[in-house]
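Q: File follows, upload-v4.txt with compact mmCIF, C-alpha atoms and all ligand atoms:
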```
# COMPACT_ATOMS: atom_id res chain seq x y z
CA MET A 1 15.80 42.03 -3.33
CA GLU A 2 15.90 43.89 -6.61
CA ILE A 3 18.14 41.82 -8.85
CA ARG A 4 20.20 44.06 -11.12
CA LYS A 5 22.75 41.65 -12.47
CA LEU A 6 23.37 37.96 -13.04
CA GLU A 7 26.83 36.78 -14.07
CA LEU A 8 28.14 33.38 -15.10
CA PHE A 9 31.80 32.40 -14.73
CA TYR A 10 33.00 29.35 -16.66
CA LEU A 11 35.94 27.55 -15.01
CA GLU A 12 37.73 24.27 -15.57
CA MET A 13 38.95 22.81 -12.30
CA LYS A 14 41.37 19.95 -12.14
CA LEU A 15 40.57 17.30 -9.54
CA LYS A 16 43.49 16.10 -7.44
CA GLU A 17 42.82 12.67 -8.82
CA GLU A 18 40.46 11.05 -11.29
CA PHE A 19 37.01 10.19 -9.86
CA ARG A 20 35.53 7.07 -11.47
CA THR A 21 31.98 5.73 -11.18
CA SER A 22 30.06 2.98 -12.99
CA PHE A 23 28.96 5.59 -15.56
CA GLY A 24 32.26 7.31 -16.29
CA SER A 25 35.27 9.21 -15.08
CA VAL A 26 36.06 12.88 -14.32
CA SER A 27 39.55 14.42 -14.09
CA THR A 28 38.71 18.05 -14.82
CA ARG A 29 35.35 19.39 -13.76
CA PRO A 30 33.64 22.14 -15.70
CA VAL A 31 32.50 24.57 -12.99
CA VAL A 32 30.00 27.31 -13.75
CA LEU A 33 29.53 29.88 -11.00
CA VAL A 34 26.52 32.16 -10.73
CA ARG A 35 26.86 35.59 -9.17
CA VAL A 36 23.79 37.75 -8.56
CA GLU A 37 23.86 41.37 -7.47
CA GLU A 38 21.03 43.47 -6.06
CA LYS A 39 20.52 47.17 -6.42
CA GLY A 40 22.45 48.08 -3.27
CA GLY A 41 25.50 46.18 -4.54
CA GLU A 42 25.16 43.13 -2.26
CA GLU A 43 26.05 39.86 -3.97
CA GLY A 44 25.29 36.13 -3.80
CA TRP A 45 27.06 33.08 -5.23
CA GLY A 46 25.89 29.69 -6.46
CA GLU A 47 27.37 26.74 -8.36
CA LEU A 48 26.19 24.74 -11.35
CA VAL A 49 27.30 21.12 -10.91
CA ALA A 50 26.29 19.73 -14.31
CA ASP A 51 28.99 17.58 -15.86
CA ARG A 52 30.54 17.71 -19.33
CA GLY A 53 28.06 15.17 -20.72
CA PRO A 54 24.60 13.76 -19.94
CA TRP A 55 25.70 10.82 -17.78
CA TYR A 56 24.61 11.26 -14.18
CA SER A 57 21.70 13.34 -15.47
CA TYR A 58 20.61 14.70 -18.86
CA GLU A 59 21.94 18.13 -17.91
CA THR A 60 25.37 19.28 -19.07
CA TYR A 61 27.16 22.47 -18.07
CA GLU A 62 26.51 23.82 -21.56
CA THR A 63 22.80 22.99 -21.83
CA SER A 64 22.08 24.09 -18.26
CA SER A 65 23.97 27.36 -18.54
CA LEU A 66 22.08 28.00 -21.79
CA VAL A 67 18.81 27.51 -19.88
CA ILE A 68 20.05 30.02 -17.29
CA ARG A 69 21.01 32.49 -20.03
CA LYS A 70 17.89 32.18 -22.18
CA PHE A 71 15.13 31.38 -19.71
CA ILE A 72 16.07 31.97 -16.08
CA ALA A 73 18.09 35.20 -16.21
CA PRO A 74 15.52 37.08 -18.36
CA SER A 75 12.74 36.37 -15.87
CA LEU A 76 14.85 37.25 -12.83
CA VAL A 77 17.06 40.20 -13.74
CA GLY A 78 15.21 43.49 -13.19
CA ARG A 79 12.73 41.87 -10.82
CA ASP A 80 12.21 42.62 -7.16
CA ILE A 81 11.74 39.35 -5.31
CA GLU A 82 10.60 39.18 -1.70
CA GLU A 83 11.97 35.77 -0.88
CA VAL A 84 13.62 32.78 -2.52
CA GLU A 85 10.27 30.95 -2.82
CA ASP A 86 9.30 33.67 -5.35
CA PHE A 87 12.16 32.46 -7.52
CA HIS A 88 10.70 28.94 -7.54
CA ARG A 89 7.38 30.37 -8.70
CA LEU A 90 9.18 32.30 -11.47
CA VAL A 91 10.88 29.18 -12.84
CA ALA A 92 8.04 26.71 -12.20
CA SER A 93 7.07 26.78 -15.88
CA ILE A 94 10.53 25.58 -16.93
CA ARG A 95 10.39 21.79 -17.10
CA GLY A 96 13.31 19.94 -15.63
CA TYR A 97 16.80 21.50 -15.44
CA PRO A 98 17.04 21.17 -11.65
CA MET A 99 20.79 21.83 -11.74
CA ALA A 100 20.32 25.11 -13.60
CA LYS A 101 17.60 26.22 -11.17
CA THR A 102 19.66 25.22 -8.15
CA ALA A 103 22.71 27.21 -9.25
CA VAL A 104 20.67 30.43 -9.41
CA GLU A 105 18.60 29.61 -6.32
CA GLU A 106 21.80 29.15 -4.29
CA ALA A 107 23.03 32.58 -5.34
CA LEU A 108 19.70 34.09 -4.23
CA LEU A 109 19.80 32.25 -0.91
CA ASP A 110 23.31 33.49 -0.26
CA LEU A 111 22.22 37.03 -1.19
CA GLU A 112 19.14 36.84 1.04
CA ALA A 113 21.14 35.51 3.97
CA ARG A 114 23.81 38.20 3.55
CA MET A 115 21.19 40.93 3.44
CA GLU A 116 19.62 39.61 6.62
CA GLY A 117 23.03 39.25 8.29
CA ARG A 118 22.38 35.55 8.86
CA SER A 119 24.06 32.34 7.75
CA VAL A 120 22.43 30.11 5.12
CA SER A 121 22.13 27.40 7.77
CA GLU A 122 20.22 29.80 10.02
CA VAL A 123 17.94 30.89 7.17
CA LEU A 124 17.10 27.23 6.50
CA GLY A 125 16.49 26.42 10.16
CA GLY A 126 19.66 24.42 10.77
CA SER A 127 20.10 23.10 14.29
CA ARG A 128 23.62 21.62 14.27
CA GLN A 129 26.95 23.28 14.84
CA GLU A 130 28.79 20.56 13.02
CA ILE A 131 27.80 17.95 10.47
CA GLU A 132 28.98 14.39 10.05
CA ALA A 133 31.47 14.05 7.19
CA GLY A 134 31.56 10.91 5.08
CA VAL A 135 33.59 10.35 1.95
CA SER A 136 32.78 8.84 -1.43
CA ILE A 137 35.61 6.85 -3.02
CA GLY A 138 35.69 6.18 -6.75
CA ILE A 139 36.41 2.93 -8.59
CA LYS A 140 40.15 2.12 -8.58
CA ALA A 141 42.39 0.14 -10.89
CA SER A 142 43.03 -2.43 -8.16
CA VAL A 143 41.63 -3.45 -4.78
CA GLU A 144 45.02 -2.67 -3.18
CA GLU A 145 44.80 0.91 -4.41
CA LEU A 146 41.27 1.15 -3.03
CA LEU A 147 42.34 -0.23 0.37
CA ARG A 148 45.11 2.38 0.55
CA GLU A 149 42.61 5.15 -0.07
CA VAL A 150 40.13 3.79 2.49
CA ARG A 151 42.96 3.73 5.05
CA ARG A 152 43.94 7.30 4.23
CA ARG A 153 40.37 8.57 4.55
CA LEU A 154 39.86 6.81 7.88
CA GLU A 155 43.10 8.36 9.12
CA GLU A 156 41.85 11.77 8.02
CA GLY A 157 38.88 11.18 10.31
CA TYR A 158 35.98 10.46 7.97
CA GLN A 159 33.17 8.78 9.88
CA ARG A 160 31.80 6.74 7.05
CA ILE A 161 33.19 5.33 3.85
CA LYS A 162 31.20 4.98 0.65
CA VAL A 163 32.70 3.05 -2.23
CA LYS A 164 31.51 3.03 -5.80
CA ILE A 165 30.77 -0.41 -7.23
CA LYS A 166 29.99 -1.84 -10.68
CA PRO A 167 29.37 -5.39 -11.95
CA GLY A 168 32.55 -7.41 -11.40
CA TYR A 169 33.88 -4.88 -8.86
CA ASP A 170 31.61 -5.42 -5.89
CA VAL A 171 31.50 -8.42 -3.54
CA GLU A 172 35.26 -9.01 -3.51
CA VAL A 173 35.91 -5.30 -2.93
CA VAL A 174 33.55 -5.15 0.05
CA LYS A 175 34.91 -8.41 1.46
CA ARG A 176 38.48 -7.10 1.34
CA ILE A 177 37.48 -3.81 3.03
CA ARG A 178 35.73 -5.71 5.85
CA GLU A 179 38.74 -8.03 6.28
CA GLU A 180 41.13 -5.10 6.46
CA PHE A 181 39.12 -2.53 8.44
CA GLY A 182 36.52 -4.54 10.35
CA ASP A 183 33.29 -2.97 11.45
CA ILE A 184 33.66 0.55 10.01
CA ARG A 185 30.58 2.42 8.77
CA LEU A 186 30.54 1.31 5.14
CA GLN A 187 28.13 1.67 2.22
CA VAL A 188 28.23 1.19 -1.55
CA ASP A 189 26.91 3.16 -4.54
CA ALA A 190 26.20 1.47 -7.89
CA ASN A 191 24.89 4.50 -9.81
CA GLY A 192 22.30 2.32 -11.50
CA ALA A 193 24.68 -0.27 -12.94
CA TYR A 194 22.72 -3.45 -12.06
CA SER A 195 19.43 -5.12 -12.90
CA LEU A 196 17.11 -7.49 -11.03
CA ARG A 197 18.97 -10.37 -12.66
CA ASP A 198 21.90 -9.50 -10.38
CA ILE A 199 20.01 -10.56 -7.26
CA GLY A 200 22.82 -13.04 -6.49
CA VAL A 201 25.31 -10.18 -6.09
CA PHE A 202 22.98 -8.31 -3.72
CA ARG A 203 22.37 -11.45 -1.63
CA GLU A 204 26.13 -11.82 -1.24
CA LEU A 205 26.51 -8.14 -0.32
CA ASP A 206 23.86 -8.74 2.35
CA ARG A 207 26.47 -10.66 4.38
CA PHE A 208 28.61 -7.57 5.00
CA ASN A 209 26.36 -5.45 7.17
CA LEU A 210 26.47 -2.44 4.85
CA LEU A 211 24.74 0.73 6.02
CA MET A 212 22.99 0.86 2.66
CA LEU A 213 23.09 -0.01 -1.02
CA GLU A 214 22.77 3.18 -3.08
CA GLN A 215 20.96 3.28 -6.44
CA PRO A 216 21.54 -0.34 -7.45
CA LEU A 217 19.04 -0.30 -10.36
CA ALA A 218 18.14 2.05 -13.20
CA TYR A 219 18.31 5.81 -12.65
CA ASP A 220 14.64 6.28 -13.53
CA ASP A 221 13.19 3.28 -11.77
CA LEU A 222 11.06 3.05 -8.62
CA TYR A 223 9.19 -0.21 -9.27
CA GLU A 224 12.10 -2.62 -9.64
CA HIS A 225 13.74 -1.13 -6.56
CA SER A 226 10.56 -2.01 -4.65
CA VAL A 227 10.95 -5.62 -5.79
CA LEU A 228 14.64 -5.72 -4.82
CA SER A 229 14.08 -4.02 -1.45
CA ARG A 230 11.81 -6.87 -0.39
CA LYS A 231 14.38 -9.50 -1.32
CA ILE A 232 17.41 -8.20 0.58
CA SER A 233 18.13 -7.10 4.12
CA THR A 234 20.55 -4.24 3.30
CA PRO A 235 18.57 -0.98 3.21
CA VAL A 236 18.24 0.43 -0.30
CA CYS A 237 19.08 4.13 -0.70
CA LEU A 238 17.88 6.10 -3.71
CA ASP A 239 19.85 8.87 -5.37
CA GLU A 240 19.16 9.33 -9.12
CA SER A 241 15.56 8.01 -8.87
CA ILE A 242 14.36 10.73 -6.46
CA ARG A 243 13.94 13.98 -8.37
CA SER A 244 11.12 15.50 -6.35
CA LEU A 245 8.97 15.23 -3.24
CA HIS A 246 6.45 13.39 -5.40
CA ASP A 247 9.04 10.72 -6.26
CA LEU A 248 9.81 10.29 -2.56
CA VAL A 249 6.14 9.78 -1.70
CA VAL A 250 5.68 7.27 -4.53
CA ALA A 251 8.87 5.43 -3.48
CA SER A 252 7.55 5.28 0.07
CA ILE A 253 4.17 3.88 -1.01
CA LEU A 254 5.86 1.31 -3.25
CA GLY A 255 8.48 0.43 -0.64
CA SER A 256 11.32 1.12 -3.08
CA ALA A 257 13.85 2.13 -0.43
CA GLU A 258 14.28 3.22 3.18
CA VAL A 259 16.98 5.84 2.74
CA VAL A 260 17.40 8.84 0.45
CA ASN A 261 20.51 10.70 -0.67
CA VAL A 262 19.35 14.30 -1.09
CA LYS A 263 21.25 16.58 -3.47
CA PRO A 264 19.87 20.05 -4.09
CA ALA A 265 21.07 19.98 -7.70
CA ARG A 266 19.06 16.84 -8.42
CA VAL A 267 15.79 18.08 -6.93
CA GLY A 268 15.80 21.69 -8.18
CA GLY A 269 17.03 23.66 -5.22
CA VAL A 270 18.12 23.91 -1.63
CA LEU A 271 14.58 24.68 -0.45
CA LYS A 272 13.22 21.65 -2.33
CA ALA A 273 15.96 19.53 -0.78
CA LYS A 274 14.95 20.79 2.64
CA SER A 275 11.33 19.73 2.17
CA ILE A 276 12.40 16.29 0.92
CA LEU A 277 14.60 15.84 4.01
CA GLU A 278 11.72 16.90 6.22
CA VAL A 279 9.19 14.55 4.64
CA ALA A 280 11.72 11.68 4.56
CA ALA A 281 12.04 12.04 8.34
CA LYS A 282 8.23 11.99 8.73
CA LEU A 283 8.05 8.83 6.62
CA GLY A 284 10.62 7.17 8.87
CA TRP A 285 13.28 7.05 6.16
CA GLY A 286 16.98 7.56 6.61
CA ALA A 287 18.19 10.75 4.95
CA TRP A 288 21.51 12.44 4.26
CA VAL A 289 23.05 15.02 1.96
CA GLY A 290 24.95 13.90 -1.13
CA GLY A 291 27.47 15.75 -3.25
CA MET A 292 28.42 16.36 -6.90
CA LEU A 293 32.16 17.08 -6.54
CA GLU A 294 31.37 20.68 -5.57
CA THR A 295 33.86 23.46 -5.07
CA GLY A 296 33.72 25.29 -1.75
CA ILE A 297 30.76 27.34 -2.98
CA GLY A 298 28.38 24.46 -3.70
CA ARG A 299 29.69 22.69 -0.61
CA ALA A 300 28.49 25.56 1.61
CA PHE A 301 24.88 24.78 0.72
CA LEU A 302 25.39 21.06 1.35
CA VAL A 303 26.78 21.86 4.81
CA ALA A 304 23.81 24.15 5.51
CA LEU A 305 21.35 21.41 4.48
CA ALA A 306 23.19 18.80 6.54
CA SER A 307 22.79 21.06 9.58
CA LEU A 308 19.02 20.45 9.48
CA PRO A 309 17.59 18.18 12.18
CA PHE A 310 16.07 15.76 9.62
CA VAL A 311 19.45 14.39 8.55
CA ASN A 312 20.18 11.09 10.30
CA TYR A 313 23.13 9.51 8.45
CA PRO A 314 26.64 10.79 7.67
CA ASN A 315 26.79 12.87 4.49
CA ASP A 316 28.88 12.79 1.32
CA ILE A 317 30.44 16.08 2.36
CA SER A 318 34.19 16.05 2.50
CA ALA A 319 36.87 18.69 3.05
CA SER A 320 38.03 21.01 0.25
CA ASN A 321 41.33 19.13 0.05
CA ARG A 322 39.55 15.91 -0.93
CA TYR A 323 39.11 17.21 -4.48
CA TRP A 324 41.08 20.46 -4.81
CA ASP A 325 44.67 21.59 -4.40
CA GLU A 326 43.33 25.07 -3.93
CA ASP A 327 39.64 25.69 -3.33
CA ILE A 328 37.97 28.91 -4.51
CA VAL A 329 36.78 29.81 -1.00
CA GLU A 330 38.50 30.90 2.17
CA PRO A 331 38.88 29.37 4.62
CA PRO A 332 38.75 26.00 2.85
CA TRP A 333 36.31 23.42 4.24
CA GLU A 334 38.09 21.34 6.82
CA ILE A 335 37.40 18.17 8.71
CA THR A 336 37.78 18.13 12.49
CA PRO A 337 39.49 15.29 14.37
CA ARG A 338 35.97 14.07 15.23
CA GLY A 339 35.21 13.59 11.54
CA THR A 340 32.85 16.53 11.34
CA ILE A 341 32.69 19.82 9.47
CA ALA A 342 31.85 22.95 11.44
CA VAL A 343 28.76 24.82 10.26
CA PRO A 344 29.85 28.42 9.71
CA ARG A 345 27.99 31.13 11.57
CA ARG A 346 29.16 33.98 9.40
CA ARG A 347 26.61 35.61 7.13
CA GLY A 348 25.69 34.11 3.79
CA LEU A 349 27.43 30.95 2.71
CA GLY A 350 29.89 31.45 5.54
CA VAL A 351 33.12 31.39 3.56
CA GLU A 352 34.67 34.08 1.35
CA VAL A 353 34.78 33.60 -2.40
CA LYS A 354 38.37 34.13 -3.59
CA ARG A 355 37.42 36.60 -6.25
CA GLU A 356 40.89 36.99 -7.73
CA LEU A 357 41.29 33.26 -8.14
CA VAL A 358 37.83 32.94 -9.70
CA ASP A 359 38.71 35.69 -12.18
CA ARG A 360 42.02 34.03 -12.99
CA LEU A 361 40.41 30.61 -13.54
CA SER A 362 37.50 31.93 -15.61
CA LEU A 363 37.77 30.99 -19.28
CA GLU A 364 34.54 32.70 -20.25
CA ARG A 365 31.99 35.01 -18.71
CA TRP A 366 28.45 36.05 -19.40
CA THR A 367 26.46 38.90 -17.88
CA ALA A 368 22.82 39.96 -17.85
CA THR A 369 22.10 43.42 -16.44
CA TYR A 370 19.03 45.53 -16.01
O1 LIG B 401 26.28 9.13 -7.08
O2 LIG B 401 26.59 10.22 -5.31
C1 LIG B 401 26.85 10.04 -6.50
C2 LIG B 401 29.70 12.34 -7.62
C3 LIG B 401 29.25 12.71 -8.87
C4 LIG B 401 28.07 12.18 -9.35
C5 LIG B 401 27.33 11.29 -8.57
C6 LIG B 401 27.77 10.93 -7.30
C7 LIG B 401 28.99 11.44 -6.83
C8 LIG B 401 29.59 11.05 -5.56
C9 LIG B 401 30.61 12.00 -4.94
O3 LIG B 401 29.38 10.01 -5.02
C10 LIG B 401 30.02 12.87 -3.88
C11 LIG B 401 30.97 14.00 -3.51
O4 LIG B 401 31.98 13.72 -2.87
O5 LIG B 401 30.71 15.16 -3.89
MG MG B 402 24.94 8.24 -5.72
```
In structure tokens, write the structure found in this file.
A:
Amino acid sequence: MEIRKLELFYLEMKLKEEFRTSFGSVSTRPVVLVRVEEKGGEEGWGELVADRGPWYSYETYETSSLVIRKFIAPSLVGRDIEEVEDFHRLVASIRGYPMAKTAVEEALLDLEARMEGRSVSEVLGGSRQEIEAGVSIGIKASVEELLREVRRRLEEGYQRIKVKIKPGYDVEVVKRIREEFGDIRLQVDANGAYSLRDIGVFRELDRFNLLMLEQPLAYDDLYEHSVLSRKISTPVCLDESIRSLHDLVVASILGSAEVVNVKPARVGGVLKAKSILEVAAKLGWGAWVGGMLETGIGRAFLVALASLPFVNYPNDISASNRYWDEDIVEPPWEITPRGTIAVPRRRGLGVEVKRELVDRLSLERWTATY
């Protein structure tokens, strides 16, 4: 694939409603799309999921797109790459910036799949025709408001509910959900908001038969999670703390967790995410695919990853209408009455990019050509 052009489209997309976590709140997501084009005119699309500020990770849409502009595009545009693994070799000398690398890698994977007339899922080795859809619900102003949203999501068919927690908004919230909805598949995500001193909270949460407790302690910790894991019965799931295959292996040796939330943008690419899912399965861990409030473009790669046989829990992959009034792909991602999302068989990412809408929503553009 001789890459002739790399374009960035800067969009601002308004979420249907505010999404609040222990580290902050988003109402409008900066969305940067990557489009690559090869010499025959075939294209590929990817999505940069970095936020406005360095909260979930140190990357921001501005710093990461700058890394794409100054360091990734110059080494890629004008080059003939055989396969997507070559891209990883090209950017291996760039430290960090997994979100920036993922955005470009996705575009190359889409391009490769389109050129081979295969779907991204097929290229990855996906084995499922549909994936299990779970939904992540943000922190609400009141428990009543949260209960209303849980009800709505269950009615829409989601198989598993994840709720965000933070100190002071945890045990009571889970207790009320159990009282109202009984034995649904339920898990919580703290985004690193607690410390080992909060052991009392985790012991109380242990009574509610949660599927897992996601990232309870610091974003960069593996050791303290290994201490906590031994003290509670709820399985610990790591998100922020697993940035690479190496982190997963260390976490396994330490006993930091038993489940991993795998997001391509956090680990530096879809192919890296695939190998983490594969090794997690070999280690006997639970594994599933997480999200970063993606548009329909980023979502396509999450669906493709979730179609791999190594995934053994429901994913944070919801329908387009969970976040967007109008998604930038067609057809939009939809949830079936069984609470699943069908894995597209069409070539590339499997949905069409609505080019006119993308152009209309783009506030800024940048192009590198050869
Ligand atoms: O911790 O999993 C997380 C969204 C943004 C940043 C971090 C997280 C999340 C979610 C939402 O939980 C997942 C999604 O629906 O895309
Ligand atoms: Mg998380």
Q: Using all atoms listed in the file, what are the residues with an atom within 12 Å of ligand MG 402 (chain B), set out as a ChimeraX atom specification?
A: /A:21-23,56-57,135-138,162-165,187-193,212-219,236-242,259-263,266,288-293,315-316
Q: Find the residue from A:Asp206, A:Asp198, A:Asp110, A:Glu258 that sits nearest to Glu47 in chain A; use only C-alpha atoms when measuring.
A: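 Smallest separation from Glu47 in chain A among the options: A:Asp110.
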Q: Which is closest to Lys14 in chain A among A:Lys175, A:Arg151, A:Arg29, A:Arg338, if we use only C-alpha atoms?
A: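 Among the listed residues, A:Arg29 lies closest to Lys14 in chain A.
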Q: Would you please work out which residue, of A:Asp51, A:Glu155, A:Asp183, A:Glu144, is nearest to ligand LIG 401 (chain B) when using only C-alpha atoms and all ligand atoms?
A: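 Smallest separation from ligand LIG 401 (chain B) among the options: A:Asp51.
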Q: Quick one: residues within 9 Å of Gly46 in chain A, all atoms listed in the file counted, chain neighbours fewer than 4 positions away excluded, as JSON, numbers by chain?
A: {"A": [32, 33, 34, 35, 36, 102, 103, 104, 105, 106, 107, 108, 109, 110, 297, 298, 301]}
Q: When you count all atoms listed in the file, which of these residues is closest to ligand LIG 401 (chain B): A:Glu294, A:Glu43, A:Glu37, A:Glu2?
A: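 Using all atoms listed in the file, ligand LIG 401 (chain B) sits closest to A:Glu294.
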Q: Restricting the calculation to only C-alpha atoms, which member of A:Gly269, A:Pro235, A:Gly286, A:Gly44 is positioned closest to Glu352 in chain A?
A: A:Gly44
Q: List the spatial neighbours of Lys39 in chain A as a PyMOL selection string - criterion: any atom at most 8 Å away, only C-alpha atoms, same-chain residues fewer than 6 positions off excluded.
A: chain A and resi 1-4
Q: For range 86-91 of chain A, what centre and edge lengths in Å (one decimal) does the axis-aligned box get once 3 Å is added on each side of all its listed atoms, as lines of an AutoDock Vina configuration file?
A:
```
center_x = 9.8
center_y = 31.3
center_z = -9.1
size_x = 10.8
size_y = 10.7
size_z = 13.5
```
Q: Measuring between only C-alpha atoms and all ligand atoms, which one of A:Glu62, A:Glu330, A:Glu18, A:Glu112 shows the shortest distance to ligand LIG 401 (chain B)?
A: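 Distance minimum relative to ligand LIG 401 (chain B) lands on A:Glu18.
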Q: How many Å separate CA of Leu305 in chain A from CA of Ser226 in chain A?
A: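 Atom-to-atom, CA of Leu305 in chain A to CA of Ser226 in chain A, that is 27.4 Å.
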Q: For Ala92 in chain A, work out the shell of residues within 12 Å, counting all atoms listed in the file and skipping chain neighbours fewer than 2 positions away, then give it as a ChimeraX atom specification.
A: /A:71-72,75,85-90,94-98,101,268-269
Q: When you look at Glu204 in chain A with a cut-off of 12 Å (counting only C-alpha atoms), what residues show up, excluding the ones that are within fewer than 3 positions of it in the same chain? I need them as a ChimeraX atom specification.
A: /A:170-175,198-201,207-210,231-234
Q: Please indicate the distance in Å from CA of Glu145 in chain A to atom C2 of ligand LIG 401 (chain B), rounded to one decimal place.
A: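 Going from CA of Glu145 in chain A over to atom C2 of ligand LIG 401 (chain B) covers 19.2 Å.
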Q: Starting from the sparse input, extend range 325-344 of chain A to N, CA and C atoms and give the output as a CSV table (one decimal), in the coordinates of the input.
A:
```csv
chain,number,residue,atom,x,y,z
A,325,ASP,N,43.4,21.1,-5.0
A,325,ASP,CA,44.7,21.6,-4.4
A,325,ASP,C,44.4,22.9,-3.8
A,326,GLU,N,43.7,23.8,-4.5
A,326,GLU,CA,43.3,25.1,-3.9
A,326,GLU,C,41.9,25.3,-4.2
A,327,ASP,N,41.1,25.4,-3.2
A,327,ASP,CA,39.6,25.7,-3.3
A,327,ASP,C,39.4,27.2,-3.6
A,328,ILE,N,38.2,27.5,-4.1
A,328,ILE,CA,38.0,28.9,-4.5
A,328,ILE,C,37.3,29.7,-3.4
A,329,VAL,N,37.3,29.1,-2.2
A,329,VAL,CA,36.8,29.8,-1.0
A,329,VAL,C,37.8,29.8,0.1
A,330,GLU,N,37.6,30.8,1.0
A,330,GLU,CA,38.5,30.9,2.2
A,330,GLU,C,37.7,31.1,3.4
A,331,PRO,N,37.9,30.5,4.5
A,331,PRO,CA,38.9,29.4,4.6
A,331,PRO,C,38.4,28.2,3.9
A,332,PRO,N,39.2,27.2,3.5
A,332,PRO,CA,38.8,26.0,2.8
A,332,PRO,C,37.9,25.2,3.9
A,333,TRP,N,37.1,24.3,3.4
A,333,TRP,CA,36.3,23.4,4.2
A,333,TRP,C,37.3,22.4,4.8
A,334,GLU,N,37.2,22.3,6.2
A,334,GLU,CA,38.1,21.3,6.8
A,334,GLU,C,37.4,20.4,7.7
A,335,ILE,N,38.0,19.2,7.9
A,335,ILE,CA,37.4,18.2,8.7
A,335,ILE,C,38.1,18.2,10.1
A,336,THR,N,37.2,18.1,11.1
A,336,THR,CA,37.8,18.1,12.5
A,336,THR,C,38.3,16.7,12.9
A,337,PRO,N,39.0,16.6,13.9
A,337,PRO,CA,39.5,15.3,14.4
A,337,PRO,C,38.3,14.3,14.7
A,338,ARG,N,37.1,14.9,15.0
A,338,ARG,CA,36.0,14.1,15.2
A,338,ARG,C,35.3,13.6,13.9
A,339,GLY,N,35.8,14.0,12.8
A,339,GLY,CA,35.2,13.6,11.5
A,339,GLY,C,34.0,14.4,11.2
A,340,THR,N,34.0,15.7,11.6
A,340,THR,CA,32.8,16.5,11.3
A,340,THR,C,33.3,17.8,10.6
A,341,ILE,N,32.4,18.5,10.1
A,341,ILE,CA,32.7,19.8,9.5
A,341,ILE,C,31.9,20.8,10.2
A,342,ALA,N,32.5,21.9,10.7
A,342,ALA,CA,31.8,23.0,11.4
A,342,ALA,C,30.9,23.7,10.5
A,343,VAL,N,29.7,24.0,11.0
A,343,VAL,CA,28.8,24.8,10.3
A,343,VAL,C,29.1,26.3,10.5
A,344,PRO,N,29.4,27.0,9.5
A,344,PRO,CA,29.8,28.4,9.7
A,344,PRO,C,28.7,29.3,10.2
```
